[in-house]
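What follows is a set of notes on a single structure, which appears directly below.
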Amino acid sequence: MPTPPAWAVRCPATISTMVSDRRGRLIAIAVWVVVWQIAAMTLGHGGLFLATPVQTLTALGQLLPTAAFWHRIAFSALRILAGFMLAVAGGLLLGAAGSRWRSVRVFVDPIMQLIRAMPVASFVILALLWVSGENLSVVVSFTHVLPVVYAGVLAGIADTDPQLLEMARVYRLPWIARLRYIWLPGIFPSFCESCIAAMGMCWKSGVSAEVIGLPDHSVGDALYRAKITLSTPDVFAWTLVIVVLSALLSAVAARLLRAAKVRLCGEVRS
Amino acid sequence: MSIIIRDLCKRFDGKTVLDHFSWEVNGPVVLMGPSGCGKTTLLRILMGLETPDIGTVSGVGHIAAVFQEDRLCPQLTAGNNLVLAGHGLTLRQAETELRALGFAESDLALPAGKLSGGQKRRAALLRALLCQDADTLFMDEPFTGMDAELVAQAAAATVRLTGNRPAVLVTHDETAARLLGWPVRKFLES
């Protein structure tokens, strides 16, 4: 009987589950692509109403080598990420203040609830009155991410172990040690979760803002132009780009946050 | 230095837990009594975590404590937990004492969250005993979850590292109290 490889011996159940999960996911994606192809062929009209996967990839292949494509990506990504970073900083500050002082929470909560309930389109139209179209996605991604991060920070602070805080008090731990070893490990799980969810949201809200505000050289502008010229494959290609960018940046954010947690909280990997 | 407790009263939801309790602690002592008689409440008042309804406590300096729960930072190793609360304790000193209480090299590399109940308890005990600036020690059932051999080792370490500092060690384990050899106060006799 052949000897199984070392990795299979080490953790056979986990690895085989991961492999079968990945295979299952790839099969599911392949099935949906086939369904998409059949639907596009059934609707006909040369992909006017629904571009085929091949038309979408061809459109993407034509976009990729152009400087304008990368310029648009950089333009939108920088602004959306700026809004995201500002919202993370604001969410941390407001969440910490709201947790410390109840009056801050009472004051801030209604605005957060209002922003959460507000349709992106309404907010964009209002925001266009206050800022230029060029910076619209900064404001819109900021305002849509802020309540998510704020709620995540509040929940994280509430989850911090009160027994460890008592221990810190009895042992007279300096505030920086309390922050690193007690508060941050308590806050991190829900903060990370909210940041990863917010990363996806800020792309959706940011590009929606660009489609309405139409700043030159933005992804939203490209999407709008593709729509009015009835270039459905381009609409699909740009949508695919937005989805991939959002997933990619969410994965990067998750990895960075995990690394930050290990470094900041002195976490030991077992 | 001694801890002076005068006329301490504490009630929770109408139930009297401490009733005009007075005591003077001049060195290490063992406090014994049945569950629910108010030993932990007394320690929490001495640590400043509860306020008495009436009465005063004086002479409590810088505290180190073993709580009823282990209260270790789960992401840090046992050694780093000791250093964190050690006020100048080095990792080398911490790990030497942990090894003496039965920690293997592999245990020293684990995060505290992955240690066994008995190992966590020993780490929590050493965190209190090795706190460099503590002049008062409060220990609430510090030998819980240890077998007889470990209790003997832990008791010996407790006696050696406490020295003559005022210390109150709460236990219901008579063997542990005997091993410590400290004066015993029965709480019900208060």
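Going through the structure tokens in order, the chains are called A, B, and so on, while each chain numbers its residues from 1 and the ligands are numbered from 1 in the order shown.
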Test item: chain A residues at most 7 Å from chain B, counting only C-alpha atoms, as a count of residues only
11
Would you list the contacts of region 85-88 of chain A as a count of residues only, taking every protein, DNA or RNA residue within 6 Å and counting only C-alpha atoms, but skipping same-chain residues closer than 3 positions in sequence?
5
If you run DSSP on this backbone, which residues of region 173-266 of chain A come out as alpha helix (DSSP H), and could you give them as number ranges by chain?
A: 175-178, 184-213, 219-228, 232-264
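Our summary of the geometry notes that CA of Leu60 (chain A) is positioned 5.2 Å from CA of Ala237 (chain A).
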Could you tell me how far CA of Phe236 (chain A) sits from CA of Ala51 (chain A), in Å to one decimal place?
7.1 Å
Show me, as a list in words, the residues that have an atom within 7 Å of region 32-40 of chain A when counting only C-alpha atoms, minus same-chain residues fewer than 2 positions from it.
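These residues fall inside the cut-off: Ala28, Ile29, Ala30, Thr42, Leu43, Gly44, Gly47, Leu50, Ala51, Thr52 and Pro53 of chain A.
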Hey, which of B:Trp182, B:Phe138, B:Phe103, B:Phe143 ends up closest to Gly79 (chain B)? Count only C-alpha atoms.
B:Phe103
